[in-house]
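The structure file structure-v7.csv is reproduced below (CSV, C-alpha atoms).
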chain,number,residue,atom,x,y,z
A,1,MET,CA,97.3,60.0,100.8
A,2,ALA,CA,96.8,58.0,97.6
A,3,LYS,CA,99.8,55.7,97.9
A,4,ARG,CA,100.6,53.1,95.3
A,5,SER,CA,103.3,50.5,95.1
A,6,TYR,CA,106.6,52.2,94.5
A,7,PRO,CA,109.8,50.7,92.9
A,8,LEU,CA,112.3,49.4,95.4
A,9,ALA,CA,115.1,50.8,93.3
A,10,LYS,CA,113.8,54.3,94.0
A,11,VAL,CA,113.5,54.0,97.8
A,12,TYR,CA,116.9,55.5,98.4
A,13,GLY,CA,115.5,58.8,97.1
A,14,LEU,CA,112.9,58.9,99.9
A,15,LEU,CA,115.2,58.3,102.8
A,16,GLU,CA,118.6,59.6,101.7
A,17,PRO,CA,117.6,63.2,102.3
A,18,GLY,CA,117.4,62.4,106.0
A,19,PRO,CA,113.7,63.1,106.9
A,20,VAL,CA,112.4,62.4,110.3
A,21,VAL,CA,110.2,59.2,110.1
A,22,LEU,CA,107.5,57.4,112.0
A,23,VAL,CA,108.2,53.8,112.7
A,24,THR,CA,105.4,51.4,113.5
A,25,THR,CA,105.6,48.0,115.2
A,26,ALA,CA,102.8,45.6,116.2
A,27,ARG,CA,102.4,42.6,118.5
A,28,ASN,CA,99.4,40.7,119.6
A,29,GLY,CA,97.1,43.0,117.6
A,30,SER,CA,98.5,46.1,119.3
A,31,ALA,CA,100.3,48.7,117.2
A,32,ASN,CA,102.7,51.4,118.3
A,33,ILE,CA,104.5,54.4,116.7
A,34,MET,CA,107.8,56.0,117.4
A,35,THR,CA,109.6,59.1,115.9
A,36,MET,CA,113.1,58.4,114.5
A,37,SER,CA,115.8,60.5,112.8
A,38,TRP,CA,118.9,58.2,113.1
A,39,HIS,CA,118.7,56.2,109.9
A,40,THR,CA,120.7,55.8,106.7
A,41,MET,CA,120.4,53.9,103.4
A,42,MET,CA,122.9,51.1,103.2
A,43,GLU,CA,122.2,49.6,99.8
A,44,PHE,CA,120.2,50.6,96.7
A,45,GLU,CA,118.4,47.4,95.6
A,46,PRO,CA,117.1,45.5,97.3
A,47,PRO,CA,117.1,48.5,99.6
A,48,LEU,CA,118.8,48.1,103.0
A,49,ILE,CA,118.3,50.7,105.8
A,50,GLY,CA,120.3,51.0,108.9
A,51,CYS,CA,118.7,52.7,112.0
A,52,VAL,CA,119.3,53.3,115.7
A,53,ILE,CA,116.4,52.6,118.0
A,54,SER,CA,117.0,53.3,121.7
A,55,GLY,CA,116.4,50.4,124.1
A,56,ARG,CA,114.3,52.8,126.2
A,57,ASN,CA,111.6,52.7,123.5
A,58,ALA,CA,108.8,50.2,123.7
A,59,SER,CA,109.3,49.8,119.9
A,60,PHE,CA,112.8,48.4,120.5
A,61,ASP,CA,111.3,45.4,122.4
A,62,THR,CA,108.6,44.8,119.8
A,63,LEU,CA,111.1,45.1,116.9
A,64,CYS,CA,113.5,42.6,118.6
A,65,ALA,CA,110.6,40.2,119.1
A,66,THR,CA,108.8,40.5,115.8
A,67,LYS,CA,111.6,41.5,113.5
A,68,GLU,CA,109.2,43.7,111.5
A,69,CYS,CA,108.3,47.3,111.3
A,70,THR,CA,107.2,50.0,108.8
A,71,ILE,CA,108.9,53.3,108.2
A,72,ASN,CA,106.5,56.2,107.2
A,73,ILE,CA,107.6,59.6,106.0
A,74,PRO,CA,105.5,62.6,107.3
A,75,THR,CA,105.5,66.1,106.0
A,76,ARG,CA,105.2,69.5,107.6
A,77,GLU,CA,101.5,69.4,108.3
A,78,MET,CA,102.3,66.6,110.7
A,79,ALA,CA,105.1,68.3,112.5
A,80,LYS,CA,103.3,68.7,115.9
A,81,VAL,CA,102.2,65.1,115.8
A,82,VAL,CA,105.7,63.9,115.0
A,83,VAL,CA,107.1,65.6,118.1
A,84,ASP,CA,104.2,64.6,120.3
A,85,ILE,CA,104.6,61.0,119.3
A,86,GLY,CA,108.2,61.2,120.4
A,87,ASN,CA,107.1,62.7,123.8
A,88,CYS,CA,105.0,59.8,125.0
A,89,SER,CA,105.4,56.0,125.3
A,90,GLY,CA,103.4,53.3,123.7
A,91,ARG,CA,103.6,51.5,127.0
A,92,THR,CA,100.8,53.8,128.3
A,93,VAL,CA,99.3,55.4,125.2
A,94,ASP,CA,97.6,54.0,122.1
A,95,LYS,CA,99.3,56.5,119.7
A,96,PHE,CA,97.1,55.7,116.7
A,97,ALA,CA,94.0,56.6,118.7
A,98,LYS,CA,95.5,59.5,120.6
A,99,PHE,CA,96.9,61.3,117.5
A,100,GLY,CA,94.1,60.4,115.2
A,101,LEU,CA,96.3,58.5,112.8
A,102,THR,CA,94.9,55.8,110.5
A,103,PRO,CA,96.5,52.4,110.5
A,104,VAL,CA,96.5,50.7,107.1
A,105,GLU,CA,97.1,47.0,106.7
A,106,ALA,CA,100.6,46.2,105.2
A,107,SER,CA,101.1,43.6,102.6
A,108,GLN,CA,104.1,41.7,104.0
A,109,VAL,CA,104.4,42.6,107.7
A,110,GLN,CA,102.1,42.7,110.7
A,111,ALA,CA,102.9,46.4,111.6
A,112,PRO,CA,100.5,48.8,110.0
A,113,LEU,CA,101.3,51.6,107.6
A,114,ILE,CA,100.3,55.2,108.5
A,115,ALA,CA,97.7,56.5,106.0
A,116,GLU,CA,98.6,60.2,106.6
A,117,CYS,CA,102.2,59.8,105.5
A,118,TYR,CA,103.0,60.2,101.8
A,119,ALA,CA,105.4,57.2,101.7
A,120,SER,CA,105.6,54.0,103.7
A,121,LEU,CA,108.1,51.1,103.7
A,122,GLU,CA,107.5,47.6,104.9
A,123,CYS,CA,110.6,46.3,106.6
A,124,ARG,CA,112.1,43.2,108.1
A,125,VAL,CA,115.2,43.0,110.3
A,126,ALA,CA,118.0,41.6,108.1
A,127,ASP,CA,121.0,41.8,110.5
A,128,ALA,CA,120.9,42.4,114.2
A,129,ARG,CA,124.5,41.8,115.0
A,130,LEU,CA,125.1,45.5,116.1
A,131,VAL,CA,121.9,45.7,118.2
A,132,ASN,CA,123.7,44.8,121.4
A,133,HIS,CA,126.5,47.3,121.0
A,134,TYR,CA,124.8,50.2,119.3
A,135,ASN,CA,121.0,49.5,119.1
A,136,PHE,CA,121.6,49.4,115.4
A,137,PHE,CA,119.2,47.4,113.2
A,138,ILE,CA,119.7,46.7,109.5
A,139,LEU,CA,116.4,46.4,107.7
A,140,ASP,CA,115.4,44.9,104.4
A,141,VAL,CA,112.7,46.9,102.6
A,142,LEU,CA,110.2,44.3,101.3
A,143,GLN,CA,107.6,46.6,99.8
A,144,ALA,CA,107.4,50.4,99.3
A,145,TRP,CA,104.4,52.7,98.9
A,146,ALA,CA,104.3,56.3,97.9
A,147,ASP,CA,101.9,59.0,96.7
A,148,THR,CA,103.7,60.0,93.5
A,149,ALA,CA,101.5,63.1,93.2
A,150,VAL,CA,103.6,64.6,96.1
A,151,LYS,CA,106.5,66.0,94.0
A,152,ASN,CA,108.6,68.0,96.4
A,153,PRO,CA,107.5,66.7,99.8
A,154,GLN,CA,108.0,69.2,102.6
A,155,THR,CA,109.8,66.6,104.8
A,156,LEU,CA,111.0,67.5,108.3
A,157,HIS,CA,114.7,67.5,109.2
A,158,HIS,CA,115.5,67.6,112.9
A,159,ARG,CA,118.2,69.9,114.0
A,160,GLY,CA,117.7,69.0,117.7
A,161,ASN,CA,115.4,70.0,120.6
A,162,GLY,CA,112.2,70.1,118.4
A,163,VAL,CA,113.7,72.4,115.8
A,164,PHE,CA,113.1,71.2,112.2
A,165,ALA,CA,114.2,72.5,108.9
A,166,VAL,CA,111.5,71.9,106.3
A,167,ALA,CA,112.7,70.8,102.9
A,168,GLY,CA,112.4,73.8,100.7
A,169,GLU,CA,113.5,74.8,97.3
A,170,THR,CA,114.8,72.2,94.8
A,171,VAL,CA,118.1,72.3,93.1
A,172,LYS,CA,118.7,70.1,90.0
A,173,LEU,CA,122.2,69.4,88.8
A,174,ARG,CA,123.6,67.0,86.3
A,175,SER,CA,124.9,64.0,88.2
A,176,ARG,CA,126.5,60.7,87.3
A,177,MET,CA,125.8,59.6,90.9
A,178,LYS,CA,122.6,57.7,91.6
B,1,MET,CA,134.0,80.4,107.2
B,2,ALA,CA,134.9,81.5,110.7
B,3,LYS,CA,134.7,78.1,112.4
B,4,ARG,CA,135.3,77.7,116.1
B,5,SER,CA,135.5,74.6,118.3
B,6,TYR,CA,132.0,73.3,118.7
B,7,PRO,CA,130.7,71.2,121.6
B,8,LEU,CA,130.7,67.5,120.9
B,9,ALA,CA,127.3,67.2,122.6
B,10,LYS,CA,125.8,69.3,119.9
B,11,VAL,CA,127.2,67.5,116.9
B,12,TYR,CA,124.0,65.4,116.4
B,13,GLY,CA,122.1,68.6,115.4
B,14,LEU,CA,124.5,69.1,112.5
B,15,LEU,CA,124.2,65.6,111.0
B,16,GLU,CA,120.8,64.3,112.1
B,17,PRO,CA,119.0,66.4,109.5
B,18,GLY,CA,120.6,64.3,106.8
B,19,PRO,CA,122.7,66.9,104.8
B,20,VAL,CA,125.0,65.7,102.0
B,21,VAL,CA,128.5,66.0,103.2
B,22,LEU,CA,132.1,66.1,101.9
B,23,VAL,CA,134.5,63.6,103.3
B,24,THR,CA,138.2,64.1,103.2
B,25,THR,CA,141.0,61.6,103.6
B,26,ALA,CA,144.7,61.9,103.3
B,27,ARG,CA,147.7,59.7,102.8
B,28,ASN,CA,151.4,60.5,102.1
B,29,GLY,CA,150.6,64.2,102.0
B,30,SER,CA,147.9,63.8,99.3
B,31,ALA,CA,144.4,64.7,100.3
B,32,ASN,CA,141.1,63.6,98.6
B,33,ILE,CA,137.4,64.5,98.9
B,34,MET,CA,134.3,62.5,98.3
B,35,THR,CA,130.5,63.3,98.4
B,36,MET,CA,128.5,61.3,100.8
B,37,SER,CA,124.8,61.1,101.8
B,38,TRP,CA,124.6,57.7,103.5
B,39,HIS,CA,125.3,58.5,107.1
B,40,THR,CA,123.5,58.5,110.5
B,41,MET,CA,124.2,59.6,114.0
B,42,MET,CA,124.6,56.5,116.3
B,43,GLU,CA,125.3,58.1,119.7
B,44,PHE,CA,125.1,61.6,121.2
B,45,GLU,CA,128.2,62.0,123.3
B,46,PRO,CA,130.9,61.3,122.5
B,47,PRO,CA,129.3,61.4,119.0
B,48,LEU,CA,129.4,58.3,116.9
B,49,ILE,CA,128.5,58.4,113.2
B,50,GLY,CA,127.8,55.4,110.9
B,51,CYS,CA,128.4,55.8,107.2
B,52,VAL,CA,128.5,53.8,104.0
B,53,ILE,CA,131.4,54.4,101.6
B,54,SER,CA,131.5,52.4,98.4
B,55,GLY,CA,134.6,50.3,97.8
B,56,ARG,CA,134.7,51.9,94.3
B,57,ASN,CA,135.8,55.2,95.9
B,58,ALA,CA,139.5,55.9,96.3
B,59,SER,CA,138.5,57.3,99.7
B,60,PHE,CA,137.5,53.8,100.8
B,61,ASP,CA,141.0,52.5,100.5
B,62,THR,CA,142.5,55.5,102.2
B,63,LEU,CA,140.0,55.3,105.1
B,64,CYS,CA,140.7,51.6,105.6
B,65,ALA,CA,144.5,52.3,105.6
B,66,THR,CA,144.6,55.5,107.8
B,67,LYS,CA,141.4,55.1,109.9
B,68,GLU,CA,140.9,58.8,109.7
B,69,CYS,CA,138.7,61.3,107.8
B,70,THR,CA,136.9,64.6,108.2
B,71,ILE,CA,133.2,65.2,107.5
B,72,ASN,CA,132.4,68.7,106.2
B,73,ILE,CA,128.9,70.2,105.7
B,74,PRO,CA,128.4,72.3,102.6
B,75,THR,CA,125.5,74.7,101.9
B,76,ARG,CA,123.7,75.6,98.7
B,77,GLU,CA,126.3,77.9,97.2
B,78,MET,CA,128.5,74.8,97.0
B,79,ALA,CA,125.8,72.6,95.3
B,80,LYS,CA,127.6,72.4,91.9
B,81,VAL,CA,130.9,71.6,93.5
B,82,VAL,CA,129.3,68.9,95.7
B,83,VAL,CA,128.0,67.1,92.6
B,84,ASP,CA,131.1,67.6,90.5
B,85,ILE,CA,133.2,66.1,93.4
B,86,GLY,CA,131.0,63.1,93.2
B,87,ASN,CA,131.5,62.8,89.4
B,88,CYS,CA,135.3,62.4,89.4
B,89,SER,CA,137.8,60.2,91.1
B,90,GLY,CA,140.7,61.2,93.4
B,91,ARG,CA,142.7,58.6,91.6
B,92,THR,CA,143.1,61.0,88.6
B,93,VAL,CA,142.2,64.4,90.0
B,94,ASP,CA,143.5,66.6,92.8
B,95,LYS,CA,140.0,67.7,93.9
B,96,PHE,CA,141.1,70.5,96.3
B,97,ALA,CA,143.0,72.1,93.4
B,98,LYS,CA,140.4,71.4,90.7
B,99,PHE,CA,137.5,72.8,92.7
B,100,GLY,CA,139.3,75.7,94.3
B,101,LEU,CA,138.7,74.4,97.9
B,102,THR,CA,140.9,75.4,100.7
B,103,PRO,CA,142.4,72.6,102.9
B,104,VAL,CA,142.8,73.6,106.6
B,105,GLU,CA,145.0,71.5,109.0
B,106,ALA,CA,142.9,69.5,111.4
B,107,SER,CA,143.9,69.2,115.1
B,108,GLN,CA,143.7,65.5,115.6
B,109,VAL,CA,143.7,63.8,112.2
B,110,GLN,CA,145.9,64.0,109.1
B,111,ALA,CA,143.0,64.6,106.7
B,112,PRO,CA,142.3,68.3,106.1
B,113,LEU,CA,139.2,70.3,106.9
B,114,ILE,CA,137.4,72.2,104.1
B,115,ALA,CA,137.5,75.9,104.8
B,116,GLU,CA,134.4,76.7,102.6
B,117,CYS,CA,132.1,74.4,104.6
B,118,TYR,CA,130.3,75.9,107.7
B,119,ALA,CA,131.0,72.9,109.9
B,120,SER,CA,133.7,70.2,110.0
B,121,LEU,CA,134.2,67.1,112.1
B,122,GLU,CA,137.4,65.3,112.7
B,123,CYS,CA,136.8,61.5,112.8
B,124,ARG,CA,138.5,58.2,113.5
B,125,VAL,CA,137.2,54.8,112.7
B,126,ALA,CA,135.9,53.2,115.9
B,127,ASP,CA,134.4,50.0,114.5
B,128,ALA,CA,135.1,48.4,111.2
B,129,ARG,CA,133.3,45.1,111.7
B,130,LEU,CA,130.6,45.8,109.1
B,131,VAL,CA,133.0,47.1,106.5
B,132,ASN,CA,133.4,43.7,104.8
B,133,HIS,CA,129.6,43.1,104.5
B,134,TYR,CA,128.2,46.6,104.0
B,135,ASN,CA,131.1,49.0,103.5
B,136,PHE,CA,129.8,50.5,106.8
B,137,PHE,CA,132.2,52.4,109.0
B,138,ILE,CA,131.5,53.6,112.5
B,139,LEU,CA,133.3,56.8,113.3
B,140,ASP,CA,134.2,58.6,116.5
B,141,VAL,CA,134.0,62.4,116.3
B,142,LEU,CA,137.2,63.6,118.0
B,143,GLN,CA,136.8,67.3,117.4
B,144,ALA,CA,134.1,69.5,115.9
B,145,TRP,CA,134.2,72.9,114.3
B,146,ALA,CA,131.3,75.2,113.3
B,147,ASP,CA,130.6,78.7,112.2
B,148,THR,CA,127.9,79.5,114.8
B,149,ALA,CA,127.0,82.7,112.9
B,150,VAL,CA,125.3,80.4,110.4
B,151,LYS,CA,121.9,80.0,112.1
B,152,ASN,CA,119.8,78.2,109.6
B,153,PRO,CA,122.3,76.6,107.2
B,154,GLN,CA,120.9,75.9,103.7
B,155,THR,CA,122.1,72.4,103.7
B,156,LEU,CA,121.6,70.1,100.7
B,157,HIS,CA,119.5,67.0,100.9
B,158,HIS,CA,119.9,64.6,98.0
B,159,ARG,CA,116.7,63.1,96.5
B,160,GLY,CA,118.6,61.1,93.9
B,161,ASN,CA,120.1,61.8,90.5
B,162,GLY,CA,121.5,65.2,91.4
B,163,VAL,CA,118.2,66.6,92.7
B,164,PHE,CA,118.6,68.3,96.1
B,165,ALA,CA,116.1,69.8,98.5
B,166,VAL,CA,117.5,72.8,100.2
B,167,ALA,CA,116.8,73.2,103.9
B,168,GLY,CA,114.2,75.9,104.1
B,169,GLU,CA,111.8,77.3,106.7
B,170,THR,CA,112.4,76.4,110.3
B,171,VAL,CA,109.7,74.9,112.5
B,172,LYS,CA,110.1,75.0,116.3
B,173,LEU,CA,108.1,72.8,118.6
B,174,ARG,CA,108.3,72.0,122.2
B,175,SER,CA,110.1,68.7,122.6
B,176,ARG,CA,111.3,66.4,125.3
B,177,MET,CA,113.5,64.6,122.8
B,178,LYS,CA,117.1,65.7,122.3
Starting from the coordinates I provided, produce the structure as structure tokens.
Amino acid sequence: MAKRSYPLAKVYGLLEPGPVVLVTTARNGSANIMTMSWHTMMEFEPPLIGCVISGRNASFDTLCATKECTINIPTREMAKVVVDIGNCSGRTVDKFAKFGLTPVEASQVQAPLIAECYASLECRVADARLVNHYNFFILDVLQAWADTAVKNPQTLHHRGNGVFAVAGETVKLRSRMK
Amino acid sequence: MAKRSYPLAKVYGLLEPGPVVLVTTARNGSANIMTMSWHTMMEFEPPLIGCVISGRNASFDTLCATKECTINIPTREMAKVVVDIGNCSGRTVDKFAKFGLTPVEASQVQAPLIAECYASLECRVADARLVNHYNFFILDVLQAWADTAVKNPQTLHHRGNGVFAVAGETVKLRSRMK
């Protein structure tokens, strides 16, 4: 995907619709990927994202240690990979290699971007006070990238147990909301 | 909609895909509605939901005072109403009357359910410690209702500025994830 730098003020429009995302982390030169659906925007600009990452994930430990990750938004062609990434652990699998994904160096964090995703966000942990109780991280988006040629991305929206709704038709209405 | 009691263990499948929702609150016999897209599941069962409600909304004050709300999930027929509800304030408008929506008594909270939505959740504030910093409420789902005849609900997913992706085609994959 031909991603370019994307305005931080527009990041909410990428995540607010609730797509399943791929989160990367990295430590000691070794990168990992996890699948995540439990996230929400928390502020427009600079963008803040809240997300839940289970303590059972290897990514949890790396995120706690490094305070950095990237959030990458896949589309329907990647549906099988998205599920398969969620079905194995970075403790035993090099997921970039196993799933043929291309790591791209980020500008502000050690964790790599995923080339195959149409949008990627470089994030740093801004507030960890709810990690102990809820595994809830609040992330600052430091830099965003998006392929703006992708106009109506067929994002994946998890309904549970591997069933996804694909983003379909677009409805445009006059809004005074952001 | 013919809603029936719905298992709390399945609630995550309703909200995890990221639909725009309608939140009701009530105080002194007067009910209000707001449109919300910034929410995430935080626990499977009992279900916990995190959400951001701006302090500019009348609903913020009522939720702080009563600790109760309902979350209702609309589908595409309601798109215009969903946007219009976000474009006016409960301080000056009776939104149930103005938009012809039907309030239904909830079983465990004072705030009413919205009959026209295919699923409704009765919620109580479980943790308000991030309200001061982020307007972030953590809600316990006490009771869920859904019309299970609605198999692939055409939920609305806000991309910003009144543009919504409608949930379209369904993809089913084998998953070991919930």
Using only C-alpha atoms, which of the listed residues (A:Phe60, A:Tyr118, A:Trp145, A:Phe136) sits closest to chain B?
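Of A:Phe60, A:Tyr118, A:Trp145, A:Phe136, the one nearest chain B, counting only C-alpha atoms, is A:Phe136.
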One number please: atom CA of B:Leu14 to atom CA of A:Asn87, in Å, one decimal.
21.7 Å
Identify every residue of chain B that has at least one atom within 9 Å of any atom of chain A, counting only C-alpha atoms, and report the result as a PyMOL selection string.
chain B and resi 10+12-20+37-43+50-52+76+79-80+83-84+86-87+130+134-136+152+156-178
May I have the residues at most 8 Å from (131.8, 82.4, 110.0) in the file's coordinates, counting all atoms listed in the file, as a ChimeraX atom specification?
/B:1-3,118,146-150
Residue subset to file, keeping C-alpha atoms, as an mmCIF file, keeping the file's coordinate frame:
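And here's again-v6.cif as it stands now:
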data_model
loop_
_atom_site.group_PDB
_atom_site.id
_atom_site.type_symbol
_atom_site.label_atom_id
_atom_site.label_comp_id
_atom_site.auth_asym_id
_atom_site.auth_seq_id
_atom_site.Cartn_x
_atom_site.Cartn_y
_atom_site.Cartn_z
ATOM 1 C CA MET B 1 134.000 80.400 107.200
ATOM 2 C CA ALA B 2 134.900 81.500 110.700
ATOM 3 C CA LYS B 3 134.700 78.100 112.400
ATOM 4 C CA TYR B 118 130.300 75.900 107.700
ATOM 5 C CA ALA B 146 131.300 75.200 113.300
ATOM 6 C CA ASP B 147 130.600 78.700 112.200
ATOM 7 C CA THR B 148 127.900 79.500 114.800
ATOM 8 C CA ALA B 149 127.000 82.700 112.900
ATOM 9 C CA VAL B 150 125.300 80.400 110.400
#
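Between B:Pro46 and the candidates B:Val93, B:Leu121, B:Ala58, B:Val141, the tightest atom-to-atom separation, counting all atoms listed in the file, involves B:Val141.
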Least-squares superposed chain A, target chain B, every Cα, as a short mmCIF file (atom, residue, chain, number, x, y, z; two decimals) with C-alpha atoms, keeping the file's coordinate frame:
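Listed below is the output, part04.cif:
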data_model
loop_
_atom_site.label_atom_id
_atom_site.label_comp_id
_atom_site.auth_asym_id
_atom_site.auth_seq_id
_atom_site.Cartn_x
_atom_site.Cartn_y
_atom_site.Cartn_z
CA MET A 1 133.89 80.46 107.18
CA ALA A 2 134.85 81.54 110.70
CA LYS A 3 134.68 78.15 112.40
CA ARG A 4 135.40 77.70 116.06
CA SER A 5 135.51 74.65 118.24
CA TYR A 6 132.02 73.34 118.71
CA PRO A 7 130.66 71.14 121.60
CA LEU A 8 130.65 67.45 120.85
CA ALA A 9 127.31 67.13 122.57
CA LYS A 10 125.77 69.33 119.88
CA VAL A 11 127.15 67.46 116.83
CA TYR A 12 124.04 65.38 116.44
CA GLY A 13 122.20 68.57 115.47
CA LEU A 14 124.50 69.08 112.45
CA LEU A 15 124.21 65.65 110.96
CA GLU A 16 120.81 64.34 112.07
CA PRO A 17 118.99 66.41 109.48
CA GLY A 18 120.64 64.30 106.80
CA PRO A 19 122.72 66.85 104.76
CA VAL A 20 124.92 65.74 102.00
CA VAL A 21 128.60 65.97 103.24
CA LEU A 22 132.11 66.13 101.91
CA VAL A 23 134.46 63.61 103.35
CA THR A 24 138.19 64.13 103.20
CA THR A 25 140.97 61.56 103.60
CA ALA A 26 144.76 61.98 103.29
CA ARG A 27 147.77 59.72 102.83
CA ASN A 28 151.35 60.46 102.13
CA GLY A 29 150.64 64.21 102.01
CA SER A 30 147.92 63.75 99.39
CA ALA A 31 144.35 64.71 100.25
CA ASN A 32 141.14 63.64 98.58
CA ILE A 33 137.40 64.53 98.82
CA MET A 34 134.31 62.51 98.26
CA THR A 35 130.53 63.39 98.37
CA MET A 36 128.45 61.25 100.77
CA SER A 37 124.77 61.12 101.78
CA TRP A 38 124.54 57.65 103.50
CA HIS A 39 125.30 58.52 107.10
CA THR A 40 123.51 58.51 110.44
CA MET A 41 124.24 59.54 114.04
CA MET A 42 124.63 56.54 116.27
CA GLU A 43 125.30 58.10 119.65
CA PHE A 44 125.06 61.60 121.18
CA GLU A 45 128.26 62.00 123.26
CA PRO A 46 130.90 61.20 122.50
CA PRO A 47 129.30 61.40 119.08
CA LEU A 48 129.37 58.25 116.92
CA ILE A 49 128.51 58.37 113.17
CA GLY A 50 127.81 55.47 110.98
CA CYS A 51 128.38 55.83 107.16
CA VAL A 52 128.50 53.78 103.97
CA ILE A 53 131.45 54.39 101.70
CA SER A 54 131.49 52.39 98.45
CA GLY A 55 134.59 50.27 97.81
CA ARG A 56 134.72 51.82 94.33
CA ASN A 57 135.83 55.12 95.91
CA ALA A 58 139.49 55.90 96.31
CA SER A 59 138.49 57.30 99.76
CA PHE A 60 137.43 53.80 100.87
CA ASP A 61 141.05 52.54 100.46
CA THR A 62 142.55 55.56 102.21
CA LEU A 63 140.00 55.36 105.08
CA CYS A 64 140.72 51.60 105.57
CA ALA A 65 144.44 52.35 105.65
CA THR A 66 144.53 55.48 107.75
CA LYS A 67 141.43 55.08 109.84
CA GLU A 68 140.86 58.86 109.75
CA CYS A 69 138.76 61.27 107.84
CA THR A 70 136.87 64.58 108.24
CA ILE A 71 133.23 65.17 107.48
CA ASN A 72 132.40 68.76 106.21
CA ILE A 73 128.93 70.13 105.74
CA PRO A 74 128.42 72.38 102.60
CA THR A 75 125.54 74.65 101.88
CA ARG A 76 123.67 75.61 98.76
CA GLU A 77 126.28 77.89 97.29
CA MET A 78 128.41 74.80 96.95
CA ALA A 79 125.85 72.63 95.32
CA LYS A 80 127.57 72.38 91.87
CA VAL A 81 130.86 71.58 93.51
CA VAL A 82 129.30 68.89 95.67
CA VAL A 83 127.96 67.07 92.61
CA ASP A 84 131.09 67.60 90.57
CA ILE A 85 133.20 66.16 93.34
CA GLY A 86 131.04 63.08 93.25
CA ASN A 87 131.51 62.83 89.41
CA CYS A 88 135.27 62.41 89.37
CA SER A 89 137.85 60.22 91.16
CA GLY A 90 140.68 61.25 93.35
CA ARG A 91 142.70 58.59 91.61
CA THR A 92 143.15 61.02 88.65
CA VAL A 93 142.15 64.43 90.00
CA ASP A 94 143.47 66.60 92.83
CA LYS A 95 139.96 67.74 93.96
CA PHE A 96 141.18 70.51 96.27
CA ALA A 97 143.01 72.15 93.38
CA LYS A 98 140.43 71.42 90.72
CA PHE A 99 137.44 72.82 92.70
CA GLY A 100 139.30 75.61 94.34
CA LEU A 101 138.66 74.37 97.84
CA THR A 102 140.94 75.32 100.75
CA PRO A 103 142.39 72.59 102.89
CA VAL A 104 142.76 73.55 106.55
CA GLU A 105 144.96 71.62 108.92
CA ALA A 106 142.93 69.47 111.45
CA SER A 107 143.84 69.24 115.04
CA GLN A 108 143.66 65.48 115.63
CA VAL A 109 143.76 63.78 112.21
CA GLN A 110 145.91 63.97 109.11
CA ALA A 111 142.94 64.62 106.68
CA PRO A 112 142.32 68.29 106.16
CA LEU A 113 139.17 70.22 106.90
CA ILE A 114 137.42 72.14 104.07
CA ALA A 115 137.50 75.90 104.80
CA GLU A 116 134.39 76.64 102.65
CA CYS A 117 132.10 74.41 104.67
CA TYR A 118 130.36 75.90 107.71
CA ALA A 119 130.98 72.83 109.93
CA SER A 120 133.69 70.19 109.98
CA LEU A 121 134.20 67.04 112.09
CA GLU A 122 137.43 65.26 112.74
CA CYS A 123 136.83 61.54 112.80
CA ARG A 124 138.51 58.26 113.53
CA VAL A 125 137.23 54.79 112.62
CA ALA A 126 135.90 53.24 115.85
CA ASP A 127 134.45 49.92 114.54
CA ALA A 128 135.02 48.38 111.17
CA ARG A 129 133.36 45.08 111.74
CA LEU A 130 130.57 45.78 109.10
CA VAL A 131 133.00 47.13 106.46
CA ASN A 132 133.32 43.77 104.74
CA HIS A 133 129.61 43.09 104.51
CA TYR A 134 128.16 46.52 103.99
CA ASN A 135 131.04 49.07 103.55
CA PHE A 136 129.79 50.47 106.79
CA PHE A 137 132.22 52.42 109.01
CA ILE A 138 131.47 53.63 112.53
CA LEU A 139 133.34 56.81 113.32
CA ASP A 140 134.23 58.53 116.54
CA VAL A 141 134.04 62.33 116.31
CA LEU A 142 137.19 63.62 118.07
CA GLN A 143 136.80 67.33 117.47
CA ALA A 144 134.04 69.48 115.89
CA TRP A 145 134.18 72.92 114.28
CA ALA A 146 131.37 75.15 113.23
CA ASP A 147 130.64 78.75 112.23
CA THR A 148 127.95 79.54 114.81
CA ALA A 149 127.02 82.71 112.91
CA VAL A 150 125.33 80.40 110.30
CA LYS A 151 121.93 80.00 112.05
CA ASN A 152 119.74 78.17 109.59
CA PRO A 153 122.25 76.64 107.18
CA GLN A 154 120.83 75.99 103.73
CA THR A 155 122.13 72.37 103.71
CA LEU A 156 121.60 70.12 100.68
CA HIS A 157 119.47 66.97 100.88
CA HIS A 158 119.82 64.55 98.00
CA ARG A 159 116.71 63.08 96.61
CA GLY A 160 118.62 61.14 93.90
CA ASN A 161 120.10 61.79 90.42
CA GLY A 162 121.51 65.28 91.36
CA VAL A 163 118.22 66.58 92.71
CA PHE A 164 118.56 68.30 96.12
CA ALA A 165 116.08 69.78 98.45
CA VAL A 166 117.57 72.80 100.20
CA ALA A 167 116.74 73.16 103.86
CA GLY A 168 114.20 75.88 104.06
CA GLU A 169 111.90 77.28 106.62
CA THR A 170 112.33 76.41 110.34
CA VAL A 171 109.72 74.93 112.52
CA LYS A 172 110.15 75.07 116.34
CA LEU A 173 108.12 72.82 118.58
CA ARG A 174 108.33 71.97 122.21
CA SER A 175 110.17 68.68 122.51
CA ARG A 176 111.31 66.46 125.35
CA MET A 177 113.48 64.62 122.77
CA LYS A 178 117.08 65.72 122.35
#
Which residue is closest to A:Glu105? Choose from A:Leu8, A:Leu139, A:Ser120, A:Val131 and count only C-alpha atoms.
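Nearest candidate to A:Glu105 out of A:Leu8, A:Leu139, A:Ser120, A:Val131: A:Ser120.
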Give me, as a ChimeraX atom specification, all polymer residues having an atom no more than 12 Å from A:Leu101, counting all atoms listed in the file and skipping those fewer than 2 positions away in the same chain.
/A:22,24,31-33,72,74,78,81-82,85,94-99,103-104,112-117
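In this structure, atom CA of B:Asn28 sits 11.3 Å away from atom CA of B:Ala65.
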